[in-house]
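K.L.:
Okay, so here is model_11.txt, and as you'll see once you scroll down, it has compact mmCIF, C-alpha atoms.
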```
# COMPACT_ATOMS: atom_id res chain seq x y z
CA MET A 18 27.20 56.05 -50.83
CA ASN A 19 24.63 54.71 -48.37
CA ALA A 20 23.80 56.44 -45.09
CA ALA A 21 25.80 54.05 -42.92
CA LYS A 22 28.93 54.56 -45.04
CA ARG A 23 28.46 58.34 -45.03
CA ILE A 24 28.24 58.35 -41.25
CA ALA A 25 31.30 56.12 -40.94
CA LEU A 26 33.21 58.43 -43.26
CA ALA A 27 32.13 61.59 -41.39
CA ARG A 28 33.17 59.92 -38.13
CA ARG A 29 36.55 59.00 -39.62
CA VAL A 30 37.23 62.58 -40.75
CA ALA A 31 36.09 63.99 -37.40
CA SER A 32 38.47 61.65 -35.55
CA ASP A 33 41.42 63.44 -37.23
CA LEU A 34 40.38 66.95 -36.10
CA TRP A 35 42.40 68.43 -33.28
CA ASP A 36 41.65 70.56 -30.25
CA GLY A 37 41.58 74.24 -31.14
CA ALA A 38 41.28 73.75 -34.91
CA TYR A 39 39.48 76.35 -37.01
CA VAL A 40 37.62 74.33 -39.60
CA ASN A 41 35.63 75.15 -42.72
CA LEU A 42 33.23 72.43 -43.80
CA GLY A 43 32.22 72.51 -47.46
CA ILE A 44 28.71 72.11 -48.80
CA GLY A 45 27.23 68.59 -48.80
CA MET A 46 28.85 65.57 -47.17
CA PRO A 47 31.51 67.57 -45.27
CA THR A 48 28.85 69.32 -43.16
CA GLU A 49 28.08 65.96 -41.54
CA VAL A 50 31.55 65.93 -39.94
CA ALA A 51 30.33 68.44 -37.32
CA ASN A 52 28.06 65.75 -35.82
CA PHE A 53 30.96 63.48 -34.87
CA VAL A 54 33.62 65.62 -33.22
CA PRO A 55 35.32 63.58 -30.49
CA GLU A 56 34.37 64.51 -26.95
CA GLY A 57 36.81 66.63 -25.02
CA ILE A 58 38.06 68.77 -27.90
CA GLU A 59 36.88 72.18 -29.06
CA VAL A 60 36.68 72.85 -32.80
CA VAL A 61 35.55 76.22 -34.16
CA TYR A 62 33.56 76.04 -37.37
CA HIS A 63 33.89 78.79 -39.96
CA SER A 64 31.38 79.57 -42.68
CA GLU A 65 32.50 81.79 -45.55
CA ASN A 66 29.41 83.98 -45.41
CA GLY A 67 30.83 85.42 -42.19
CA LEU A 68 30.53 83.21 -39.13
CA LEU A 69 32.94 81.61 -36.68
CA GLY A 70 31.49 79.34 -34.01
CA ILE A 71 28.64 77.61 -35.80
CA GLY A 72 26.58 75.24 -33.68
CA PRO A 73 24.01 72.59 -34.60
CA ALA A 74 20.94 73.23 -36.75
CA PRO A 75 18.29 75.00 -34.64
CA ASP A 76 14.84 73.58 -33.98
CA THR A 77 12.08 75.33 -35.90
CA ALA A 78 11.22 77.61 -32.97
CA HIS A 79 14.75 79.08 -33.01
CA VAL A 80 15.31 79.60 -36.73
CA ASP A 81 16.66 83.01 -37.70
CA PRO A 82 16.45 83.49 -41.50
CA ASP A 83 19.59 85.62 -41.37
CA LEU A 84 21.62 82.91 -39.66
CA ILE A 85 22.64 80.49 -42.39
CA ASN A 86 25.77 78.61 -43.44
CA ALA A 87 27.47 78.48 -46.84
CA GLY A 88 24.99 75.82 -47.96
CA LYS A 89 22.15 78.26 -47.08
CA HIS A 90 20.97 76.00 -44.24
CA TYR A 91 19.85 77.44 -40.89
CA VAL A 92 22.45 77.22 -38.15
CA SER A 93 22.94 78.32 -34.55
CA LEU A 94 25.84 80.08 -32.87
CA VAL A 95 27.80 78.69 -29.93
CA PRO A 96 28.98 80.85 -27.02
CA GLY A 97 32.11 82.62 -28.28
CA ALA A 98 30.85 82.91 -31.86
CA ALA A 99 31.74 85.91 -34.01
CA ILE A 100 30.12 87.56 -37.02
CA PHE A 101 32.02 89.46 -39.72
CA ASP A 102 31.73 90.67 -43.28
CA HIS A 103 32.73 88.76 -46.41
CA ALA A 104 36.09 90.46 -46.93
CA THR A 105 37.11 89.59 -43.36
CA SER A 106 35.85 86.06 -43.82
CA PHE A 107 38.02 85.54 -46.89
CA MET A 108 40.99 87.17 -45.12
CA MET A 109 40.69 84.24 -42.72
CA ILE A 110 40.57 81.80 -45.62
CA ARG A 111 43.18 83.23 -48.00
CA GLY A 112 45.41 84.47 -45.21
CA GLY A 113 46.07 80.96 -43.93
CA HIS A 114 44.12 81.33 -40.69
CA ILE A 115 41.80 78.40 -41.33
CA ASP A 116 43.50 75.19 -40.21
CA ILE A 117 41.44 72.74 -42.23
CA ALA A 118 38.98 72.99 -45.10
CA VAL A 119 37.03 69.79 -45.71
CA LEU A 120 35.78 69.89 -49.29
CA GLY A 121 33.94 67.65 -51.69
CA ALA A 122 35.49 66.78 -55.05
CA TYR A 123 34.78 65.38 -58.48
CA GLU A 124 38.41 64.37 -58.98
CA VAL A 125 41.77 64.57 -57.21
CA ALA A 126 45.10 63.98 -58.92
CA ALA A 127 48.15 62.26 -57.44
CA ASN A 128 49.95 65.62 -57.19
CA GLY A 129 47.08 67.11 -55.16
CA ASP A 130 45.30 68.91 -58.00
CA LEU A 131 41.64 69.40 -57.12
CA ALA A 132 38.62 69.53 -59.43
CA ASN A 133 35.39 70.27 -57.60
CA TRP A 134 33.62 73.21 -59.27
CA SER A 135 32.94 72.34 -62.91
CA THR A 136 32.41 69.24 -65.01
CA GLY A 137 33.27 71.28 -68.07
CA ASP A 138 29.65 71.11 -69.25
CA ASP A 139 29.29 74.30 -71.31
CA THR A 140 25.53 74.02 -71.60
CA ARG A 141 24.97 74.77 -67.92
CA ALA A 142 25.90 77.97 -66.11
CA PRO A 143 29.02 77.50 -63.99
CA ALA A 144 29.23 78.36 -60.29
CA VAL A 145 32.35 78.45 -58.11
CA GLY A 146 31.52 80.08 -54.77
CA GLY A 147 34.40 80.01 -52.30
CA ALA A 148 35.98 76.77 -53.53
CA MET A 149 39.03 78.33 -55.18
CA ASP A 150 39.77 80.60 -52.21
CA LEU A 151 39.46 77.71 -49.75
CA ALA A 152 41.60 75.41 -51.87
CA VAL A 153 44.52 77.85 -52.02
CA GLY A 154 44.08 79.43 -48.58
CA ALA A 155 43.36 76.79 -45.96
CA ARG A 156 46.46 75.39 -44.26
CA ASN A 157 45.19 71.86 -44.85
CA VAL A 158 42.77 70.81 -47.58
CA TRP A 159 41.04 67.54 -46.88
CA VAL A 160 38.78 66.03 -49.49
CA MET A 161 35.83 63.85 -48.56
CA MET A 162 34.43 61.98 -51.54
CA GLU A 163 33.12 58.76 -53.04
CA HIS A 164 36.04 56.75 -54.30
CA CYS A 165 34.46 56.17 -57.74
CA SER A 166 31.82 57.83 -59.88
CA LYS A 167 28.27 56.48 -60.03
CA GLU A 168 29.39 54.57 -63.15
CA GLY A 169 32.27 53.04 -61.21
CA ALA A 170 35.03 55.11 -62.85
CA PRO A 171 38.02 56.10 -60.72
CA ARG A 172 38.04 59.70 -59.44
CA LEU A 173 41.52 59.54 -57.93
CA LEU A 174 43.68 59.96 -61.00
CA GLU A 175 47.14 60.72 -62.40
CA ALA A 176 45.70 63.98 -63.74
CA CYS A 177 42.26 65.56 -63.42
CA THR A 178 40.05 65.50 -66.50
CA TYR A 179 37.72 68.24 -65.21
CA PRO A 180 38.72 71.91 -64.90
CA LEU A 181 40.92 72.53 -61.86
CA THR A 182 39.79 74.35 -58.74
CA ALA A 183 43.42 74.75 -57.67
CA ALA A 184 46.73 73.05 -58.39
CA ALA A 185 48.52 70.80 -55.89
CA CYS A 186 46.41 71.86 -52.90
CA VAL A 187 45.00 68.62 -51.41
CA ASN A 188 46.73 67.05 -48.39
CA ARG A 189 44.41 64.18 -47.57
CA ILE A 190 41.54 62.26 -49.16
CA TYR A 191 38.88 60.40 -47.23
CA THR A 192 36.72 57.93 -49.14
CA GLU A 193 34.50 55.03 -48.09
CA LEU A 194 37.43 52.73 -48.92
CA ALA A 195 40.55 54.46 -47.63
CA VAL A 196 42.30 57.43 -46.11
CA ILE A 197 44.98 58.65 -48.50
CA ARG A 198 47.74 61.19 -47.91
CA ILE A 199 49.27 63.11 -50.75
CA ASP A 200 53.03 62.92 -50.56
CA ASN A 201 54.65 62.69 -53.98
CA GLY A 202 51.65 60.61 -54.99
CA PHE A 203 48.89 58.74 -53.18
CA VAL A 204 49.93 57.14 -49.88
CA VAL A 205 47.34 54.89 -48.22
CA GLU A 206 47.23 55.57 -44.50
CA ASP A 207 44.16 53.60 -43.54
CA LEU A 208 41.74 51.13 -45.09
CA ALA A 209 38.06 50.66 -44.29
CA ASP A 210 37.11 47.40 -42.57
CA GLY A 211 37.25 44.47 -44.94
CA VAL A 212 38.96 46.45 -47.71
CA SER A 213 42.42 45.51 -49.02
CA LEU A 214 45.01 47.67 -50.72
CA VAL A 215 44.51 45.56 -53.85
CA ASP A 216 40.77 46.37 -53.79
CA VAL A 217 41.45 50.12 -53.55
CA GLN A 218 44.17 50.02 -56.22
CA ALA A 219 41.69 48.40 -58.62
CA LYS A 220 39.39 51.41 -58.18
CA THR A 221 42.10 54.09 -58.38
CA GLY A 222 43.50 55.66 -61.53
CA ALA A 223 47.03 56.16 -60.20
CA ARG A 224 49.56 54.13 -58.23
CA LEU A 225 48.95 53.76 -54.49
CA ARG A 226 51.80 53.35 -52.01
CA PRO A 227 51.22 51.84 -48.58
CA ALA A 228 52.19 54.12 -45.68
CA GLY A 229 55.62 53.33 -44.26
CA ALA A 230 56.73 51.53 -47.39
CA MET B 2 22.69 119.18 -40.71
CA ILE B 3 23.52 115.77 -42.09
CA ASP B 4 20.39 113.81 -42.76
CA LYS B 5 20.67 110.75 -45.01
CA ARG B 6 17.16 109.56 -44.27
CA VAL B 7 14.78 109.36 -47.21
CA ALA B 8 11.05 108.83 -46.94
CA SER B 9 10.52 105.99 -49.39
CA THR B 10 12.29 103.37 -51.48
CA HIS B 11 11.22 105.49 -54.48
CA ALA B 12 13.12 108.49 -53.15
CA ALA B 13 16.02 106.20 -52.21
CA LEU B 14 16.62 105.36 -55.89
CA ASP B 15 16.25 108.86 -57.26
CA GLY B 16 18.75 109.48 -60.06
CA VAL B 17 19.54 105.86 -60.88
CA ARG B 18 20.31 105.58 -64.60
CA ASP B 19 20.38 103.01 -67.40
CA GLY B 20 23.72 101.28 -67.83
CA TRP B 21 24.78 101.49 -64.19
CA THR B 22 26.74 98.84 -62.34
CA ILE B 23 24.80 98.00 -59.19
CA ALA B 24 26.13 95.97 -56.26
CA VAL B 25 23.39 94.05 -54.47
CA GLY B 26 24.05 92.73 -50.98
CA GLY B 27 23.06 89.33 -49.71
CA PHE B 28 24.06 85.70 -49.59
CA GLY B 29 21.20 83.33 -50.30
CA ASP B 30 18.18 85.19 -48.90
CA SER B 31 20.16 86.61 -45.99
CA GLY B 32 20.80 90.34 -46.30
CA VAL B 33 19.13 90.78 -49.70
CA PRO B 34 17.54 94.25 -50.00
CA PHE B 35 14.36 92.83 -51.53
CA GLU B 36 12.28 96.02 -51.32
CA LEU B 37 14.99 98.15 -52.94
CA LEU B 38 15.19 95.58 -55.75
CA ASP B 39 11.40 95.78 -56.17
CA GLU B 40 11.79 99.55 -56.51
CA LEU B 41 14.63 99.13 -58.99
CA LEU B 42 12.34 97.00 -61.15
CA LEU B 43 9.58 99.63 -60.91
CA SER B 44 12.02 102.38 -61.88
CA GLY B 45 12.36 100.85 -65.34
CA VAL B 46 16.16 101.28 -65.60
CA ARG B 47 17.83 98.83 -67.93
CA ASP B 48 21.13 97.67 -69.41
CA LEU B 49 22.34 97.09 -65.86
CA THR B 50 25.37 95.20 -64.61
CA ILE B 51 24.55 93.52 -61.31
CA VAL B 52 27.28 92.53 -58.84
CA CYS B 53 25.87 89.96 -56.44
CA ASN B 54 26.97 86.65 -54.93
CA ASN B 55 23.91 84.82 -56.28
CA ALA B 56 21.73 85.33 -59.33
CA GLY B 57 18.24 85.21 -57.89
CA SER B 58 16.03 82.31 -56.91
CA GLY B 59 12.46 81.39 -57.80
CA ASP B 60 10.58 84.59 -58.50
CA ASP B 61 12.40 86.72 -55.94
CA ALA B 62 13.09 90.37 -56.68
CA LEU B 63 16.44 89.78 -58.42
CA ALA B 64 14.98 86.96 -60.55
CA ARG B 65 12.15 89.27 -61.63
CA LEU B 66 14.63 92.00 -62.57
CA LEU B 67 16.50 89.44 -64.71
CA ASP B 68 13.26 88.10 -66.15
CA ALA B 69 12.22 91.63 -67.16
CA GLY B 70 15.36 91.85 -69.31
CA ARG B 71 16.87 94.74 -67.35
CA VAL B 72 20.21 93.11 -66.67
CA ARG B 73 22.88 92.91 -69.37
CA LYS B 74 25.57 91.29 -67.26
CA ILE B 75 25.97 89.71 -63.83
CA VAL B 76 29.21 89.53 -61.82
CA CYS B 77 28.72 86.62 -59.50
CA SER B 78 30.38 83.73 -57.63
CA PHE B 79 27.49 81.30 -57.36
CA PRO B 80 24.82 82.07 -59.95
CA ARG B 81 23.52 78.53 -60.16
CA SER B 82 21.64 77.21 -57.15
CA ALA B 83 18.40 75.47 -56.33
CA GLY B 84 15.75 77.74 -57.82
CA SER B 85 17.93 79.87 -60.11
CA VAL B 86 15.68 78.99 -63.07
CA VAL B 87 15.39 82.51 -64.52
CA PHE B 88 19.14 83.05 -64.61
CA GLU B 89 19.78 79.59 -66.05
CA ARG B 90 17.21 80.12 -68.81
CA LEU B 91 18.74 83.50 -69.77
CA TYR B 92 22.25 82.06 -69.63
CA ALA B 93 21.34 79.08 -71.82
CA ALA B 94 19.71 81.47 -74.33
CA LYS B 95 22.83 83.69 -74.24
CA GLN B 96 20.65 86.61 -73.13
CA ILE B 97 22.85 87.51 -70.17
CA GLU B 98 26.58 87.84 -69.78
CA LEU B 99 28.19 86.14 -66.78
CA GLU B 100 31.49 87.15 -65.19
CA LEU B 101 32.18 84.29 -62.79
CA VAL B 102 34.40 85.32 -59.87
CA PRO B 103 35.62 83.26 -56.90
CA GLN B 104 33.69 84.40 -53.83
CA GLY B 105 36.71 85.71 -51.96
CA THR B 106 37.90 87.51 -55.08
CA LEU B 107 34.48 89.12 -55.42
CA SER B 108 34.56 90.44 -51.86
CA GLU B 109 38.20 91.53 -52.19
CA ARG B 110 37.57 93.34 -55.49
CA LEU B 111 34.87 95.31 -53.70
CA ARG B 112 37.07 95.86 -50.66
CA ALA B 113 39.85 97.13 -52.93
CA GLY B 114 37.38 99.41 -54.69
CA GLY B 115 36.39 100.97 -51.40
CA ALA B 116 40.01 101.21 -50.27
CA GLY B 117 41.32 102.96 -53.38
CA ILE B 118 43.44 100.02 -54.52
CA PRO B 119 42.99 99.56 -58.28
CA ALA B 120 44.12 95.92 -58.50
CA PHE B 121 45.69 93.14 -56.46
CA TYR B 122 47.17 89.67 -56.87
CA THR B 123 45.48 86.62 -55.39
CA PRO B 124 46.35 82.92 -55.55
CA ALA B 125 42.65 82.04 -55.84
CA GLY B 126 41.89 81.02 -59.41
CA ALA B 127 45.53 80.79 -60.52
CA SER B 128 46.10 78.03 -63.11
CA THR B 129 42.33 77.62 -63.59
CA LEU B 130 39.88 78.57 -66.34
CA LEU B 131 39.00 81.69 -64.34
CA ALA B 132 42.52 83.03 -64.84
CA ALA B 133 42.06 83.12 -68.63
CA GLY B 134 42.83 86.54 -70.07
CA LYS B 135 44.21 87.86 -66.78
CA GLU B 136 47.80 88.65 -65.88
CA SER B 137 49.40 85.86 -63.84
CA ARG B 138 52.52 86.43 -61.79
CA ARG B 139 54.58 84.33 -59.41
CA PHE B 140 55.40 85.64 -55.92
CA GLY B 141 57.94 83.27 -54.37
CA ALA B 142 56.45 79.85 -54.98
CA THR B 143 52.90 81.12 -55.34
CA LEU B 144 51.29 81.74 -58.69
CA CYS B 145 48.76 84.57 -58.50
CA VAL B 146 46.19 86.25 -60.73
CA MET B 147 45.77 89.99 -61.03
CA GLU B 148 42.23 91.04 -60.21
CA LYS B 149 40.86 94.54 -60.62
CA ALA B 150 38.87 96.53 -58.09
CA LEU B 151 35.14 96.94 -58.49
CA VAL B 152 33.69 100.41 -58.05
CA PRO B 153 29.94 100.10 -58.67
CA ASP B 154 27.81 103.14 -59.42
CA LEU B 155 25.34 102.08 -56.76
CA ALA B 156 25.16 99.69 -53.81
CA LEU B 157 21.87 98.38 -52.47
CA VAL B 158 22.35 96.84 -49.03
CA ARG B 159 20.17 95.69 -46.17
CA ALA B 160 21.09 96.48 -42.59
CA GLU B 161 19.21 96.31 -39.31
CA SER B 162 19.60 99.73 -37.68
CA ALA B 163 20.75 103.12 -38.93
CA ASP B 164 20.87 106.70 -37.74
CA ARG B 165 20.52 109.88 -39.78
CA TRP B 166 24.28 110.00 -40.37
CA GLY B 167 24.03 106.64 -42.18
CA ASN B 168 25.82 104.56 -39.56
CA LEU B 169 24.75 100.93 -39.88
CA THR B 170 24.51 97.76 -37.83
CA TYR B 171 23.48 94.44 -39.32
CA HIS B 172 21.66 91.33 -38.14
CA ARG B 173 23.61 88.08 -37.90
CA ALA B 174 24.97 86.72 -41.20
CA ALA B 175 22.95 89.29 -43.17
CA ARG B 176 26.06 91.48 -42.88
CA ASN B 177 27.88 89.46 -45.57
CA PHE B 178 28.69 91.79 -48.52
CA GLY B 179 27.04 94.92 -47.06
CA PRO B 180 30.14 96.62 -45.61
CA VAL B 181 32.38 96.14 -48.66
CA MET B 182 29.66 97.07 -51.15
CA ALA B 183 28.78 100.21 -49.17
CA ALA B 184 32.41 101.31 -49.10
CA ALA B 185 33.10 100.49 -52.76
CA SER B 186 30.17 102.18 -54.47
CA ARG B 187 29.77 105.79 -55.63
CA LEU B 188 26.23 105.90 -54.22
CA THR B 189 25.14 103.65 -51.36
CA VAL B 190 21.55 103.10 -50.34
CA ALA B 191 20.72 101.05 -47.25
CA GLN B 192 17.31 99.70 -46.39
CA VAL B 193 17.00 99.12 -42.67
CA ASP B 194 14.44 97.81 -40.21
CA ARG B 195 14.66 100.93 -38.09
CA ILE B 196 16.27 104.35 -37.90
CA LEU B 197 17.36 105.37 -34.42
CA GLU B 198 18.19 108.74 -32.85
CA LEU B 199 21.72 109.95 -33.53
CA GLY B 200 23.84 108.63 -30.66
CA ALA B 201 21.67 105.61 -30.00
CA LEU B 202 24.04 103.25 -31.82
CA ASP B 203 27.05 102.28 -29.72
CA PRO B 204 30.12 103.69 -31.55
CA GLU B 205 32.00 100.49 -30.70
CA ALA B 206 29.30 98.43 -32.40
CA ILE B 207 28.79 100.37 -35.63
CA VAL B 208 29.79 98.06 -38.49
CA THR B 209 29.50 100.39 -41.49
CA PRO B 210 30.37 103.99 -40.59
CA GLY B 211 28.06 106.54 -42.19
CA ILE B 212 30.86 107.94 -44.37
CA PHE B 213 30.22 104.98 -46.68
CA VAL B 214 26.45 105.48 -46.84
CA ASP B 215 24.47 108.11 -48.76
CA ARG B 216 20.82 107.25 -48.17
CA VAL B 217 18.94 105.21 -45.58
CA VAL B 218 15.34 104.17 -45.81
CA ALA B 219 13.32 102.35 -43.17
CA VAL B 220 11.38 99.42 -44.64
CA VAL B 221 8.79 97.57 -42.62
CA ARG B 222 9.20 93.92 -43.53
```
Could you rewrite the structure in this file as structure tokens?

P.N.:
Amino acid sequence: MNAAKRIALARRVASDLWDGAYVNLGIGMPTEVANFVPEGIEVVYHSENGLLGIGPAPDTAHVDPDLINAGKHYVSLVPGAAIFDHATSFMMIRGGHIDIAVLGAYEVAANGDLANWSTGDDTRAPAVGGAMDLAVGARNVWVMMEHCSKEGAPRLLEACTYPLTAAACVNRIYTELAVIRIDNGFVVEDLADGVSLVDVQAKTGARLRPAGA
Amino acid sequence: MIDKRVASTHAALDGVRDGWTIAVGGFGDSGVPFELLDELLLSGVRDLTIVCNNAGSGDDALARLLDAGRVRKIVCSFPRSAGSVVFERLYAAKQIELELVPQGTLSERLRAGGAGIPAFYTPAGASTLLAAGKESRRFGATLCVMEKALVPDLALVRAESADRWGNLTYHRAARNFGPVMAAASRLTVAQVDRILELGALDPEAIVTPGIFVDRVVAVVR
């Protein structure tokens, strides 16, 4: 996905955040959402290593090596921020206190199954981090992803081919082509400019229903 | 008189034995007790099981411990990251055993260990490959996996300030696994930037009470 499309996608996700939401942004593309929060609302960002109230990346003069996010990037704290240990951090996640987790994905199935931690490649060491806890614990799981693989294969499918992160956990999917709700299958809520439902269906491995149909 | 201060990292690791399970604090580079890990390497102990969120990066202290063949098994949520070349080489050569654990399950297994709870059920990992071989049970509509507490023989943690009773405060996100590892382990060693007079730490602000800590050593970084 090119930079302009990434920014448009981050802006689209950010436009659906609400005032007062506690939000966990996953590693990679989701972190860009923080740059586009609509003016006039307050969103509190959570990082699973033990921070609530993350602010923008600091300039080099204000870097603290002990102040990093889940992606190990330097961050700042906003007024009102809080610091806590890992067990407390995952209490917030698993206990349903985080309103929205925005995660990346390899594949999402029409029933909301999520695959985002392993491609099933046994030759490489696996890693999972907090993905499984976030997927089962956040009140809303939003996925932000490229609609198709680099080879053009659909990644929104009837059933995931990669190992699951969690079953039936995804509520919404944001891609460069469409915003899709999961409600007994894929329901298209919004299309990117110049994109038709037929275009998106051709690149999706399961049936799409238009919203309101 | 209670005095948990020790004079050196060498003295801090006195009595550590081959075959121990050792919890190592830190997330990325933040909160890693690098100097205690250096001392652990020097001590020559082997056949270790390391419990740590990450599996070392570049030639940092944990990577060197792995490279020296001292670690039999690692219990970890995110062993593969930019720079985890030593771990990945050992893993590919089947020279290290990996127990992959979701991050929240890792912290909760340690929390449970410190709290005297032998096992618990969590929805994280249910119906995934990481539930293989574990008891699964449904509570209402939620499928859960039984996970067992971790009670390491030793915790190595990094904090910011301590007093001679072992009370600890941390710096920013370096707190991460420190509190749960300190509480869970049979022997807890904290390296700190400074040791203050008893009473200098605000009781309201102490994060790890000294009851969970056995030895503190000041390390100039």

K.L.:
Which is closest to chain B among A:Ala152, A:Ala51, A:Ala78, A:Ile115, if we use all atoms listed in the file?

P.N.:
A:Ala152

K.L.:
What is the distance between CA of Ala120 (chain B) and CA of Gly105 (chain B), in Å to one decimal?

P.N.:
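Value for the CA of Ala120 (chain B)-CA of Gly105 (chain B) distance: 14.2 Å.
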
K.L.:
What are the residues of chain B that have an atom within 6 Å of an atom of chain A, counting all atoms listed in the file, as a PyMOL selection string?

P.N.:
chain B and resi 31+78-81+103-105+108-109+125-126+129+173-178

K.L.:
For CA of Gly70 (chain A) and CA of Pro55 (chain A), quote the distance in Å rounded to one decimal.

P.N.:
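Taking CA of Gly70 (chain A) and CA of Pro55 (chain A), their separation equals 16.6 Å.
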
K.L.:
When you draw a straight line from CA of Gly115 (chain B) to CA of Ala184 (chain B), how long is it in Å?

P.N.:
4.6 Å

K.L.:
Residues within 12 Å of Asp48 (chain B), please, as a PyMOL selection string. Count only C-alpha atoms; anything in the same chain fewer than 5 positions from it doesn't count.

P.N.:
chain B and resi 17-23+66-67+69-75+96-98

K.L.:
My list of candidates is B:Ala93, B:Leu38, B:Ala116, B:Glu161. Which is closest to Asp138 (chain A) when distances are computed with all atoms listed in the file?

P.N.:
B:Ala93

K.L.:
Around all of region 48-62 of chain B's listed atoms, make the axis-aligned box with 4 Å on each side and tell me centre and edge lengths in Å to one decimal, as JSON.

P.N.:
```
{"center_x": 18.9, "center_y": 89.5, "center_z": -62.2, "size_x": 24.7, "size_y": 24.3, "size_z": 22.5}
```

K.L.:
Using only C-alpha atoms, can you list as a PyMOL selection string the residues within 9 Å of (48.2, 61.7, -63.5)?

P.N.:
chain A and resi 126-128+173-177+222-223

K.L.:
Which residues, written as a PyMOL selection string, have at least one atom at most 9 Å from His79 (chain A), with all atoms listed in the file counted and residues fewer than 3 positions away on the same chain left out?

P.N.:
chain A and resi 75-76+93

K.L.:
Which residues come within 9 Å of Leu157 (chain B), counting all atoms listed in the file, excluding same-chain residues fewer than 6 positions away, as JSON, numbers by chain?

P.N.:
{"B": [23, 24, 25, 26, 33, 34, 37, 38, 179, 182, 183, 188, 189, 190, 191, 192]}

K.L.:
Skip Ala13 (chain B) itself and residues of its chain fewer than 2 positions away, then list as a PyMOL selection string all residues within 7 Å of it, counting all atoms listed in the file.

P.N.:
chain B and resi 7+9-11+15+190+216+218

K.L.:
Got a sec: who's within 10 Å of Arg138 (chain B), counting only C-alpha atoms, leaving out chain neighbours fewer than 6 positions off, as a compact mmCIF listing (two decimals) with C-alpha atoms, keeping the file's coordinate frame?

P.N.:
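Once everything was written out, this is selection.txt:
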```txt
# COMPACT_ATOMS: atom_id res chain seq x y z
CA TYR B 122 47.17 89.67 -56.87
CA THR B 123 45.48 86.62 -55.39
CA PRO B 124 46.35 82.92 -55.55
CA ALA B 127 45.53 80.79 -60.52
CA LEU B 144 51.29 81.74 -58.69
CA CYS B 145 48.76 84.57 -58.50
CA VAL B 146 46.19 86.25 -60.73
CA MET B 147 45.77 89.99 -61.03
```

K.L.:
Restricting the calculation to only C-alpha atoms: of A:Leu120, A:Val61, A:Val215, A:Leu69, which residue gets closest to Leu194 (chain A)?

P.N.:
A:Val215

K.L.:
Taking into account only C-alpha atoms, which residue in the set A:Arg226, A:Arg23, A:Arg28, A:Arg189 is nearest to Gly202 (chain A)?

P.N.:
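For Gly202 (chain A), the nearest of the candidates is A:Arg226.
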
K.L.:
When you count only C-alpha atoms, which of these residues is closest to Asp30 (chain B): B:Val193, B:Leu151, B:Ala62, B:Val87?

P.N.:
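Smallest separation from Asp30 (chain B) among the options: B:Ala62.
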
K.L.:
Would you please work out which residue, of A:Ile71, A:Thr77, A:Glu59, A:Gly211, is nearest to Trp35 (chain A) when using all atoms listed in the file?

P.N.:
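Nearest to Trp35 (chain A): A:Glu59.
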
K.L.:
I need every residue sitting at most 12 Å from the point (53.9, 50.4, -44.6) (coordinates as in the file, all atoms listed in the file considered), written as a list in words.

P.N.:
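With a cut-off of 12 Å, the residues come to Val204, Val205, Glu206, Asp207, Leu214, Leu225, Arg226, Pro227, Ala228, Gly229 and Ala230 of chain A.
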
K.L.:
Take region 127-136 of chain A from the block and save it with N, CA and C atoms, as a short mmCIF file (atom, residue, chain, number, x, y, z; two decimals), in the first residue's frame.

P.N.:
```
data_model
loop_
_atom_site.label_atom_id
_atom_site.label_comp_id
_atom_site.auth_asym_id
_atom_site.auth_seq_id
_atom_site.Cartn_x
_atom_site.Cartn_y
_atom_site.Cartn_z
N ALA A 127 -15.04 -14.70 7.43
CA ALA A 127 -16.36 -14.07 7.43
C ALA A 127 -17.07 -14.19 8.78
N ASN A 128 -16.63 -15.13 9.62
CA ASN A 128 -17.22 -15.25 10.97
C ASN A 128 -16.43 -14.46 12.00
N GLY A 129 -15.42 -13.70 11.55
CA GLY A 129 -14.64 -12.89 12.48
C GLY A 129 -13.39 -13.56 13.01
N ASP A 130 -13.09 -14.77 12.55
CA ASP A 130 -11.82 -15.40 12.94
C ASP A 130 -10.65 -14.53 12.46
N LEU A 131 -9.64 -14.45 13.31
CA LEU A 131 -8.48 -13.60 13.01
C LEU A 131 -7.21 -14.45 12.96
N ALA A 132 -6.40 -14.21 11.92
CA ALA A 132 -5.07 -14.83 11.86
C ALA A 132 -4.06 -13.70 11.67
N ASN A 133 -3.28 -13.44 12.69
CA ASN A 133 -2.30 -12.34 12.55
C ASN A 133 -0.98 -12.60 13.27
N TRP A 134 -0.72 -13.87 13.69
CA TRP A 134 0.53 -14.09 14.43
C TRP A 134 1.47 -15.08 13.77
N SER A 135 0.96 -15.94 12.89
CA SER A 135 1.80 -16.99 12.34
C SER A 135 1.36 -17.30 10.92
N THR A 136 2.32 -17.51 10.04
CA THR A 136 1.99 -17.96 8.69
C THR A 136 2.11 -19.48 8.60
#
```
